[in-house]
Amino acid sequence: MEISVIVPFYNEEACIEDMYNALVEALDPTGLSFELLFVDDGSKDLTFNKAAEIALKDSRLRVIKFRRNYGQTPAMAAGIDHATGDILVTMDGDLQNDPADIPLFLEKMNEGYDIVVGWRHNRQDKLITRKIPSKIANWIIGKVTGVPIKDNGCSLKAYRADLIKKIPLYSEMHRFIPAMASLSGVRVAEIKVNHNARMSGVSKYGLSRIYKVLLDLLTIKTIVSFSSRPLIWFGILGSVVGLVSFVAFIYSMVLLSGGGAVVAMMGVSVLFGFLMIFLMLSGVLCELVYKTGNQKVEDLSSLTSEKISLTEMNKS
Amino acid sequence: MPSKIELSVIVPVSESRYDDTKELYLEYKQALENTGLNYELIYVLDGPHPDVLGQLQSLIDSGESRLSILKLAKYFGEATALKAGFENSTGDLLMTLPAYQQVASEELPGLIEACASGVDMVIARRWPRLDSKFNRLQSRVFNQIMEGLTGAAFKDLGCSVRVFKRYVVDEIQLYGDQHRFFPALAYRIGFKVQEVDVKQAQKDVFQRVYSVGVYVRRLLDLLSVFFLMKFTKKPLRFFGLVGVSIISFGALVLFYIIGDRLFGGVPLGDRPALMLSSLFIVLGAQVVSIGLIGEIIIFTHAKEMKEYTVEEIIN
């Protein structure tokens with residue numbers, strides 16, 4: 001199997017057939033062998049029945065039915081776990097992404113990239129509640145990770161299977177796969193894709209997303225920073241705080257030599273000094289947690305060497 | 001006895017409230033026989049209940065082959081007792097019944113039938129209520145709080161008569177006294193839960209007044225369940241919210257006194273407000289870093305946490 005396309009569905013009985021037709025239409029001309037994985041994320045309507053009907057006629061379609069609604073990330077994780085292709089393509093089930101773009105992704109993958117992400121350059125969404133928050137979020141993600149991906153939220157992405165299968169997917173982490181992967185040295189490409197307005201249903205994300213993205217980003221930064229130099233991250237935070245403590249100390253000395261009262265300023269110095277110690281010790285604790293856990297960031301980094309051999313293989 | 005158990009009935013005996021065991025057993029037995037299902041009935045004794053044990057023993061000795069007893073070493077709480085019961089039973093359909101008369105037993109087959117037809121869980125609601133206004137008021141308050149927190153609009157969470165499929169249990173981790181929240185949690189994570197009106201048992205009608213401690217415990221239980229449900233996978237979302245709020249407050253105070261220093265000429269070095277704001281910032285930073293440690297714990301154990309269960313795969 002060369003290609004697996006993973007599409008999560010939640011209450012999409014109206015689009016599922018169109019989606020299937022569009023996918024087959026896009027993939028057939030490529031001449032590659034492919035499978036479609038439709039994940040029914042606990043739909044309450046006839047989504048599953050419709051998918052099952054299609055699956056009867058076409059054995060290339062596999063349908064995974066969840067017991068209940070789990071959300072988009074687990075749905076993608078299930079698709080990834082069950083996929084057998086070498087290249088995995090994920091996309092939204094509500095026809096917001098255009099399956100006709102998939103061949104472009106495959107082309108880019110062939111050029112040796114490990115991840116290709118879509119960029120909805122003509123995005124059809126509300127400006128204030130969707131586009132602006134997402135612009136800000138993407139800008140911050142780009143600044144922090146150093147990988148300026150313009151559209152982390154686009155579901156249409158292609159991955160090398162052995163890479164994505166090693167990245168832990170939980171909570172809402174799917175948004176950070178490119179950022180996470182690129183921090184461990186994987187090659188990421190971005191291409192423009194079409195975007196259609198939501199046909200039905202209401203999007204559940206809003207302005208609160210920025211806050212979530214910020215916190216998730218702090219998490220990602222911490223996790224990934226641990227890969228190369230453990231304890232350093234908390235060490236950096238600690239030294240910044242230590243600097244504050246030191247400045248406060250110097251200032252209180254200056255005040256003292258001038259004959260002023262220094263109790264409060266000295267107290268500030270001590271407080272931040274304590275915080276520095278707390279942060280350093282947190283770093284040690286994290287180190288301990290990390291060493292005893294079963295998920296290592298090194299696992300992701302080690303994939304870079306495999307990448308080189310893969311590109312060479314393609315050239316020969 | 002036919003081989004496969006279809007229905008496992010768990011009766012936890014937890015607190016001091018239980019009715020005459022023999023009479024209750026015979027009543028349940030009558031109702032369960034009417035369903036025509038191959039069932040087992042497991043009494044879980046949470047802590048030493050010698051009189052119940054004695055009566056059950058004599059029932060078993062008199063040839064009640066479907067009855068079995070599970071005795072826990074000490075008191076663990078009803079939810080834990082239920083869990084032990086689930087683990088030691090084999091039926092795909094599970095039913096919990098109280099060790100006292102709560103609903104009229106002739107209603108039980110109807111509940112089991114309702115669950116067999118597509119929903120994941122059926123819970124009984126005692127209606128119309130025969131007991132006092134005060135009883136109804138306190139359960140109403142409890143149910144309202146639950147509704148506010150979880151969005152699950154159930155009217156009688158105090159009723160322990162519940163029928164559900166085994167996979168529901170696999171996804172809900174409850175312990176201690178948290179059995180009351182079971183339907184609300186099931187609903188909240190996406191299972192179909194149906195409430196069915198049943199007749200209240202005559203013996204269930206009496207005044208229920210608890211000590212203040214009991215009410216406080218319930219409230220704390222509720223909060224911890226809510227926290228676990230919402231933030232287990234994302235500890236930083238919770239600690240971040242608390243920490244950032246504390247830091248913001250500290251920063252506001254700090255900016256105010258710095259402004260005072262720059263424009264009002266009030267000396268900064270000896271203001272207690274300076275200490276206060278620093279304290280808040282330090283505390284906030286500590287809370288946030290605890291959240292970060294939590295995130296790292298979750299990340300390093302991500303492989304152990306499978307987030308979904310598959311019902312069916314086609315092709």
# chains A, B, ... in the order shown; residues from 1 in each chain; ligands from 1
$ interface_residues --of "chain B" --to "chain A" --cutoff "8 Å" --atoms "only C-alpha atoms" --output "PyMOL selection string"
chain B and resi 189-191+233-234+236-237+240+268-272+274-275+278-279+282+285-286+289-290+292-293+295-297+299-303+307-315
$ residues_around --residues "region 247-257 of chain B" --least-positions-apart "5" --cutoff "6 Å" --atoms "only C-alpha atoms" --output "list in words"
Ser277, Phe280, Ile281 and Gly284 of chain B
$ write_last_selection --atoms "N, CA and C atoms" --output "mmCIF file, in the first residue's frame"
data_model
loop_
_atom_site.group_PDB
_atom_site.id
_atom_site.type_symbol
_atom_site.label_atom_id
_atom_site.label_comp_id
_atom_site.auth_asym_id
_atom_site.auth_seq_id
_atom_site.Cartn_x
_atom_site.Cartn_y
_atom_site.Cartn_z
ATOM 1 N N SER B 277 3.293 42.318 45.693
ATOM 2 C CA SER B 277 3.203 42.022 44.261
ATOM 3 C C SER B 277 4.230 40.962 43.870
ATOM 4 N N PHE B 280 2.994 37.533 44.788
ATOM 5 C CA PHE B 280 1.999 37.013 43.847
ATOM 6 C C PHE B 280 2.658 36.494 42.572
ATOM 7 N N ILE B 281 3.621 37.261 42.077
ATOM 8 C CA ILE B 281 4.278 36.839 40.834
ATOM 9 C C ILE B 281 5.017 35.521 41.048
ATOM 10 N N GLY B 284 2.538 32.686 41.330
ATOM 11 C CA GLY B 284 1.988 32.371 40.005
ATOM 12 C C GLY B 284 2.974 31.567 39.178
#
$ select_by_dssp --residues "region 3-192 of chain A" --states "strand (DSSP E)" --output "MDAnalysis selection string"
chainID A and resid 3:9 34:40 61:66 87:90 115:120 157:160 188:192
$ closest_residue --among "A:Leu23, A:Ala197, A:Leu106, A:Met76" --to "Phe9 (chain A)" --atoms "only C-alpha atoms"
A:Met76
$ select_by_dssp --residues "region 13-247 of chain A" --states "helix (DSSP H, G or I)" --output "ChimeraX atom specification"
/A:16-30,47-57,72-82,99-110,127-145,161-164,173-183,208-228,232-247
$ atom_distance --atom1 "CA of Ile172 (chain B)" --atom2 "CA of Lys4 (chain B)"
24.9 Å
